[in-house]
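Let me begin by presenting the structure, written as structure tokens, before commenting on it.
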Amino acid sequence: MRHKTRYAITVIAAATLMGSALYAGHPQLLPCLAGWLDIGTAPQPVDYVLALPGDAERRPFMAAALVNAGFAKRAIIVRNEISPDEEDGIVPPSWAIAKRVYLARGVPEEKIVVLGGQSNSTLADMEVLTDFLSKHPHARVAIVTSAFHTRRARWTLSRRLGNEMKRISFVSSPNPGFRAEEW
Amino acid sequence: MKFPYRKTIACLTLIVMAVIFHQPLLRVVANVLIVDEPTEGFDHLAITGGDHRHAIAGELFRGGKIQRVLMFEGQKKRLIEYGILPPPNEIARRQLEKEGIPADAISLIGGETQSTWQFAERLDSWLRTQKTVQVTVFADRFRSRDVRRVLDATLSAGSAARVRVRALPDRRYDETNWWRSRRGMKSFGNASMVLLYRWINGRPESTFTDTWDPDVYQAQLAAQRATEP
């Protein structure tokens, strides 16, 4: 009985100590966690840039800037699954919005490649890209996605591409609606 | 005498019960996210979300169950500035007119509305000037409890009683089958996180301003490219 009581006191004390340490260190710890998710690098010259679907307020604008500044020769758009609002004609499909962004930012139409499919997840986006890369064996691609999404995107693609990952780089776009330092 | 393995057997029993009764359990869990109130007599309508929201508004208007739709000015986003998308209230107005709701039955309530909190504030200000009006609020089904909580936290008690939330189901899933599709699971997960966050933190302090500028970014890239060998 005494042994059990001593064990319980030790566990409670350790948990309290650890909880206090985590609470005291959270201003340093939490940005580190966000930083761990962001594996984006500085842009390098590539053949194609792909802005992953989602956050059309930033990702395609960033990809368009990469094309316009000469870092990417062409932009790839992945068609994705139609949402209920898109199905009802309330808003255009997200791939069409991305294309409008490229055109509005001055990317010529002949530099925009729209890939088919009905992507509905990062995994499906990466399958479409893997298929494209198999037909373009020397192409290098920069993937633009939100900073906190880059690690997951790389992990998903690396499972498909393996050694071919050296052809891929990731460029982080700002996270939508929050800063990594204070998420 | 103690029965051996009693903890293991209890755990296994729980797991087996959870597997057998997973459907009612998951339904109960989803129901926590939903508030769907009777809206008979609440003849003004405000829309925060929900599938088929404009079509249902049209049906209610044609059936004489709503007299007026309140629209709230949306956020001025980059896609709107570039003319890629019309403002959300313009999109909504077109859809409502398509459903047979005339322009003179639609009122635009001014002031940028970026969040459910701001929506509730605008609605509260408007309700203070309309002492007898009762409002139905359309909400996405899994977000409806969150909408109700925000309304209750923002509106005065008298105003809150004059607002009812109607939870519109998504065409692809609802509380009886959300775990069968990726979309359903994602929606359930997001809505649960939002609700949990609100329970813990209440109203967040909005300190974020999007300062990212595509022109500045492009100029930086061009300068960088120009200096490369």
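Please note that chains go A, B, ... in the order of the structure tokens, that every chain numbers its residues from 1, and that ligands are numbered from 1 in the order shown.
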- Query: Could you name the residues that touch A:Asn175 at 7 Å or less, counting only C-alpha atoms, but leaving out those on the same chain fewer than 4 positions away, as number ranges by chain?
  - Reply: A: 146-148, 179
Would you save the residues of that selection, restricted to C-alpha atoms, as a short mmCIF file (atom, residue, chain, number, x, y, z; two decimals), in the first residue's frame?
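The new file part.cif reads:
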```
data_model
loop_
_atom_site.label_atom_id
_atom_site.label_comp_id
_atom_site.auth_asym_id
_atom_site.auth_seq_id
_atom_site.Cartn_x
_atom_site.Cartn_y
_atom_site.Cartn_z
CA SER A 146 1.09 26.83 -47.05
CA ALA A 147 4.10 26.66 -44.72
CA PHE A 148 2.45 24.33 -42.20
CA ARG A 179 1.56 33.72 -38.08
#
```
- Item | Long-range neighbours of B:Gln134 as an MDAnalysis selection string, 8 Å cut-off, only C-alpha atoms, 3 positions minimum in chain | chainID B and resid 41:44 162:163
- Message: I'd like the contact shell of B:Arg68 - 12 Å cut-off, only C-alpha atoms, skipping same-chain residues fewer than 2 positions apart - returned as a list of chain:residue names.
- Response: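 Listing them by chain and then by number gives B:Phe42, B:Asp43, B:His44, B:Leu45, B:Ala46, B:Ile47, B:Ala57, B:Gly58, B:Leu60, B:Phe61, B:Arg62, B:Gly64, B:Lys65, B:Ile66, B:Leu70, B:Met71, B:Leu96, B:Ile101, B:Pro102, B:Ala103, B:Asp104, B:Ala105, B:Ile106, B:Ser107, B:Leu108, B:Val133, B:Gln134, B:Val135, B:Thr136.
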- Extract, using only C-alpha atoms, all DNA, RNA and protein residues at most 12 Å from B:Ser115, discarding same-chain residues fewer than 5 positions from it, and format them as a ChimeraX atom specification. /A:177 /B:48-49,72-75,120-122,146-147,150-151,203-206
- Message: For stretch 208-212 of chain B, find every residue with an atom within 10 Å (counting only C-alpha atoms), except residues of its own chain fewer than 5 positions away, and show them as a VMD selection string.
- Response: (chain A and resid 58 173 to 179 182) or (chain B and resid 217)
Those selected residues, please, written with N, CA, C and O atoms and delivered as a tab-separated table (two decimals), in the first residue's frame.
```tsv
chain	number	residue	atom	x	y	z
A	58	ARG	N	-3.32	33.11	-51.71
A	58	ARG	CA	-1.87	33.26	-51.65
A	58	ARG	C	-1.12	32.31	-52.58
A	58	ARG	O	-0.22	32.74	-53.31
A	173	SER	N	4.23	29.14	-48.74
A	173	SER	CA	3.45	30.38	-48.81
A	173	SER	C	3.00	30.71	-47.38
A	173	SER	O	2.95	29.82	-46.52
A	174	PRO	N	2.69	31.98	-47.11
A	174	PRO	CA	2.30	32.34	-45.74
A	174	PRO	C	1.07	31.53	-45.30
A	174	PRO	O	0.18	31.28	-46.11
A	175	ASN	N	1.06	31.14	-44.04
A	175	ASN	CA	-0.11	30.41	-43.52
A	175	ASN	C	-1.33	31.32	-43.56
A	175	ASN	O	-1.23	32.51	-43.27
A	176	PRO	N	-2.49	30.76	-43.91
A	176	PRO	CA	-3.67	31.61	-44.00
A	176	PRO	C	-4.24	31.99	-42.64
A	176	PRO	O	-4.62	31.12	-41.86
A	177	GLY	N	-4.27	33.26	-42.33
A	177	GLY	CA	-4.97	33.74	-41.14
A	177	GLY	C	-4.19	33.74	-39.84
A	177	GLY	O	-4.75	34.10	-38.81
A	178	PHE	N	-2.94	33.32	-39.87
A	178	PHE	CA	-2.16	33.35	-38.61
A	178	PHE	C	-0.67	33.33	-38.93
A	178	PHE	O	-0.27	32.95	-40.03
A	179	ARG	N	0.11	33.77	-37.95
A	179	ARG	CA	1.56	33.72	-38.08
A	179	ARG	C	2.07	32.50	-37.34
A	179	ARG	O	1.56	32.16	-36.27
A	182	GLU	N	2.81	32.57	-33.56
A	182	GLU	CA	1.76	32.70	-32.54
A	182	GLU	C	0.49	31.92	-32.89
A	182	GLU	O	-0.62	32.36	-32.60
B	217	TYR	N	6.55	40.55	-53.28
B	217	TYR	CA	7.21	39.23	-53.37
B	217	TYR	C	7.83	39.04	-54.75
B	217	TYR	O	8.98	38.60	-54.87
```
- Item | Expected answer as a PyMOL selection string: chain A residues within 7 Å of chain B, only C-alpha atoms | chain A and resi 57+61-62+65+69+84+90+97+100-101+177-178
With C-alpha atoms retained, export the selected residues as a PDB file, in the first residue's frame.
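The resulting selection_17.pdb:
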```
ATOM      1  CA  GLU A  57      -5.606  33.989 -51.787  1.00  0.00           C
ATOM      2  CA  PHE A  61      -0.238  34.364 -56.505  1.00  0.00           C
ATOM      3  CA  MET A  62       3.084  33.084 -55.225  1.00  0.00           C
ATOM      4  CA  ALA A  65       5.394  35.395 -59.096  1.00  0.00           C
ATOM      5  CA  ALA A  69      10.412  36.286 -62.047  1.00  0.00           C
ATOM      6  CA  PRO A  84     -21.339  21.602 -53.581  1.00  0.00           C
ATOM      7  CA  ILE A  90     -22.243  29.605 -56.917  1.00  0.00           C
ATOM      8  CA  ILE A  97      -9.897  30.332 -59.951  1.00  0.00           C
ATOM      9  CA  ARG A 100      -7.704  33.256 -63.446  1.00  0.00           C
ATOM     10  CA  VAL A 101      -5.115  34.259 -60.852  1.00  0.00           C
ATOM     11  CA  GLY A 177      -4.968  33.736 -41.144  1.00  0.00           C
ATOM     12  CA  PHE A 178      -2.164  33.346 -38.615  1.00  0.00           C
TER      13      PHE A 178
END
```
- Task: Per DSSP on the backbone, filter stretch 104-218 of chain B down to the residues in helix (DSSP H, G or I) and report them as number ranges by chain.
- Result: B: 104-105, 116-129, 141-154, 157-160, 178-180, 182-201, 214-218
Who sits within 8 Å of A:Leu157, only C-alpha atoms, same chain under 6 positions skipped, as a PDB file with C-alpha atoms, in the first residue's frame:
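Output (result-v2.pdb):
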```
ATOM      1  CA  LEU A 123      -2.507  12.300 -51.711  1.00  0.00           C
ATOM      2  CA  MET A 126       0.481  13.966 -55.532  1.00  0.00           C
ATOM      3  CA  GLU A 127      -0.752  11.006 -57.576  1.00  0.00           C
ATOM      4  CA  THR A 130       3.567  11.592 -60.012  1.00  0.00           C
ATOM      5  CA  MET A 165      12.285  13.462 -54.848  1.00  0.00           C
TER       6      MET A 165
END
```
- Task: Could you find all residues in stretch 19-170 of chain A that DSSP calls strand (DSSP E) from the backbone, and write them as a ChimeraX atom specification?
- Result: /A:46-51,72-80,112-119,141-146,168-170
- Show which residues sit within 9 Å of stretch 12-25 of chain B, as a ChimeraX atom specification. Count only C-alpha atoms, and ignore same-chain residues fewer than 4 positions away. /B:7-8,29-30,176-177,179
- How far is it from atom CA of B:Trp178 to atom CA of B:Arg27, in Å with one decimal?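 Answer for the atom CA of B:Trp178 to atom CA of B:Arg27 separation: 8.4 Å.
Put simply, atom CA of A:Met18 is 18.7 Å away from atom CA of A:Pro31.
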- From the list A:Ala64, A:Ala124, A:Leu30, A:Ala15, which residue is nearest A:Glu181 when using only C-alpha atoms? A:Leu30
- Message: Just checking: using only C-alpha atoms, which residue out of A:Thr41, A:Asp88, A:Val113, A:Pro60 ends up closest to A:Ala75?
- Response: A:Val113
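Distance annotation: of A:Val91, A:Leu37, A:Val49, A:Ile76, the residue with the minimal separation from A:Val141 is A:Val49; atom set is only C-alpha atoms.
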